[in-house]
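Visitor: Attaching a single structure in structure tokens format; questions to follow.
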Amino acid sequence: MLPMRVALSLLLLASALSACSPASAPVPTAKAASTAPASAIAWRQGDVDDAFNEAAESGKPVLLYWGAVWCPPCNQLKAGLFKDPAFIALTGKFVPVYLDGDEEGAQAWGERFGVRGYPTLIVLDPQRNEITRVAGGNDAAELTRTLTVAASRRSAVAETLATALATPATLGAEDWQVLGDYGWEVDANRLAGKRSAQDVLQQLAKAAPEPALQRRFALLALATAEKPTAAPTQVRELLQAVLAQPAEVRRNRELLGYAGAGLVKQASAGPASSNALGQQLLVALERADAARGDRADDALSRALTELALARQQQPEGALPAALVQRVKQRVAAADAAATDAHARQATISSAVYALRQVDDDAGAEALLLAELKRSEQPYYYMPELAELAEQRGDTAGALEWLKRAYEGAQGPATRVQWGVLYVEGLLRLAPDDAPRIEQATEALISELDEQSSGYHQRTRQRFERLAGQLQAWSAKHKGADTLARLQQRMQAACGEQVDSGCKEWLS
């Protein structure tokens, strides 16, 4: 089972679901921004309105970075790209603002900007029109190229897309580059509007002026589709054409990493052709990774792609011993290479996932337990330990890990996220213990008392998800009275929340 926190990083695993740790790397405040050394990005801390005020005065666009301290790809950025002097210099062309998901009002801002997951970078003009957005888990060179172009643009990406769909021949090369680099995977259909992103991408694939860009849009359309819509022959020809061009593989590296195995499956005309195309994918990824330094985390990512391909070939059969050994070796190499806190936060979840995919739960658990002693966010790993305990039948141990994770979680939005996991665990593993379920849910509701406007975005989504599970539990366990008390408690906690859904929770 894919760990919930890794899901966006694998979509996000390059994602798998998602900022700088205050304890180890404080982010400069707006007051300190002017004196920040050139060796660090002069992030404003959460002050979005003030950032736009400065943008209006300076004419610079705003670079909004949405992240969280525990998010693996956020930490990958901090371990690498955000330390790159060239990238730091590039951010001087923007008003950079860091919006941590646990900052006061951050979830409301996330909702306003349609942010789907951590990390996301959005460029906006001083009037708050979006110039572009990119997924923070993408390749560093791609992010740098995208933001370099965005720094001097003043055209809203929505206008660029409208022109591309209506009169594509009038767009210039830079306009097409912006659309090709746009973070469709973190867009949540914001740019496409009422149309499906897949339909828009298919139209762009037909209208784009050069073949490589046509193929990129076509790949994105396939990757965003809820179900296969193209014939296997078309998918196979597209994938083979991309894999034959090293430059296109490098540009589409993250997309091919998280969606490549699925595309191979769509292109399959039988086991033999699937195996051949899968090997072609792995060779192309290895060549691309060698060009960017043959990093240990890239090798681990390739191993995950290889595992996905192998599972497609033999869903229930034993994995080849050589593959299992290779995965373990790459996990060990990635573990050894991750020497600072940010690099480790970016690596360990992927390593644990890889070990679990080769049925080495003992190795995964040992890696997690060791990381608890090193990590500044040990609560992040505890739900995974709970899942391992639950899998081996240790119900009490699983609930204890979920409880510890909630108790140790830091930040209002994060505490809600981990608190929901704990209550869900109680509903699943101790459904007859109504008092304990009610007590834990009341504690979770109390988190809203500390947030004057916190019922937005991820917090709202998690409460809504929990409401459905509580209602299903109530129907089976005669919990109507419990739900009535919880709803009353929630209405009191909502206070001045502007979202009517807060007071209507459980109704």
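Each chain in the structure tokens gets a letter, A, B, ..., in the order shown, and its residues are numbered from 1; ligands are numbered from 1 in order too.
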Tell me which protein, DNA and RNA residues are within 12 Å of Pro246 of chain A, counting only C-alpha atoms, leaving out same-chain ones fewer than 4 positions away, and put them as a ChimeraX atom specification.
Guide: /A:212,240-242,250-253,280-281,283-291
Visitor: Among segment 236-383 of chain A, which ones does DSSP place in alpha helix (DSSP H), written as a VMD selection string?
Guide: chain A and resid 236 to 243 246 to 251 253 to 267 271 to 291 296 to 313 321 to 337 341 to 357 361 to 372 382 to 383
Visitor: Just list the residues in segment 24-197 of chain A DSSP gives strand (DSSP E or B) on the backbone, as a PyMOL selection string.
Guide: chain A and resi 44-45+62-67+95-100+120-124+130-135
Visitor: Please produce a file of the residues just selected, as a compact mmCIF listing (two decimals), in the first residue's frame, where the atoms kept are C-alpha atoms.
Guide:
# COMPACT_ATOMS: atom_id res chain seq x y z
CA ARG A 44 9.27 36.55 3.30
CA GLN A 45 7.63 34.38 5.95
CA VAL A 62 5.71 37.43 -6.61
CA LEU A 63 7.20 33.96 -6.24
CA LEU A 64 4.96 32.07 -3.84
CA TYR A 65 6.38 28.84 -2.41
CA TRP A 66 3.81 26.63 -0.65
CA GLY A 67 5.38 23.91 1.50
CA VAL A 95 9.43 39.08 -4.35
CA PRO A 96 9.80 35.59 -2.83
CA VAL A 97 7.34 34.58 -0.14
CA TYR A 98 7.34 31.26 1.70
CA LEU A 99 3.89 30.11 2.81
CA ASP A 100 4.16 27.20 5.23
CA THR A 120 4.06 24.16 -5.32
CA LEU A 121 5.66 27.32 -6.67
CA ILE A 122 3.41 29.97 -8.21
CA VAL A 123 4.47 33.15 -10.00
CA LEU A 124 1.95 35.99 -9.88
CA GLU A 130 -1.06 33.87 -12.20
CA ILE A 131 1.85 33.85 -14.63
CA THR A 132 2.68 30.17 -14.08
CA ARG A 133 2.93 27.43 -11.48
CA VAL A 134 5.20 24.43 -11.19
CA ALA A 135 5.36 21.33 -9.02
Visitor: Write out as number ranges by chain which residues come within 8 Å of Leu355 of chain A when counting only C-alpha atoms, dropping same-chain ones fewer than 3 positions away.
Guide: A: 327-328, 331, 351-352, 358-361, 363-364
Visitor: Tell me, in Å to one decimal, how far atom CA of Leu448 of chain A is from atom CA of Pro412 of chain A.
Guide: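 These atoms are spaced 8.0 Å apart.
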Visitor: One number please: atom CA of Trp505 of chain A to atom CA of Gly425 of chain A, in Å, one decimal.
Guide: 20.0 Å
Visitor: Nearest to Met490 of chain A: which of A:Glu442, A:Glu464, A:Asp47, A:Glu365 is it, counting only C-alpha atoms?
Guide: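 Using only C-alpha atoms, the shortest distance to Met490 of chain A belongs to A:Glu442.
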Visitor: Determine the nearest neighbour of Glu306 of chain A from the options A:Ala261, A:Ser58, A:Ala333, A:Ser274, counting only C-alpha atoms.
Guide: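 Using only C-alpha atoms, the shortest distance to Glu306 of chain A belongs to A:Ala261.
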Visitor: Of the residues A:Ala188, A:Leu402, A:Ala341, A:Leu388, which is the one nearest to Cys74 of chain A, using only C-alpha atoms?
Guide: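 Among the listed residues, the smallest separation from Cys74 of chain A belongs to A:Ala341.
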Visitor: Given only C-alpha atoms as the basis, pick out the residue of A:Ser301, A:Ser474, A:Trp70, A:Ala492 nearest to Arg415 of chain A.
Guide: A:Trp70
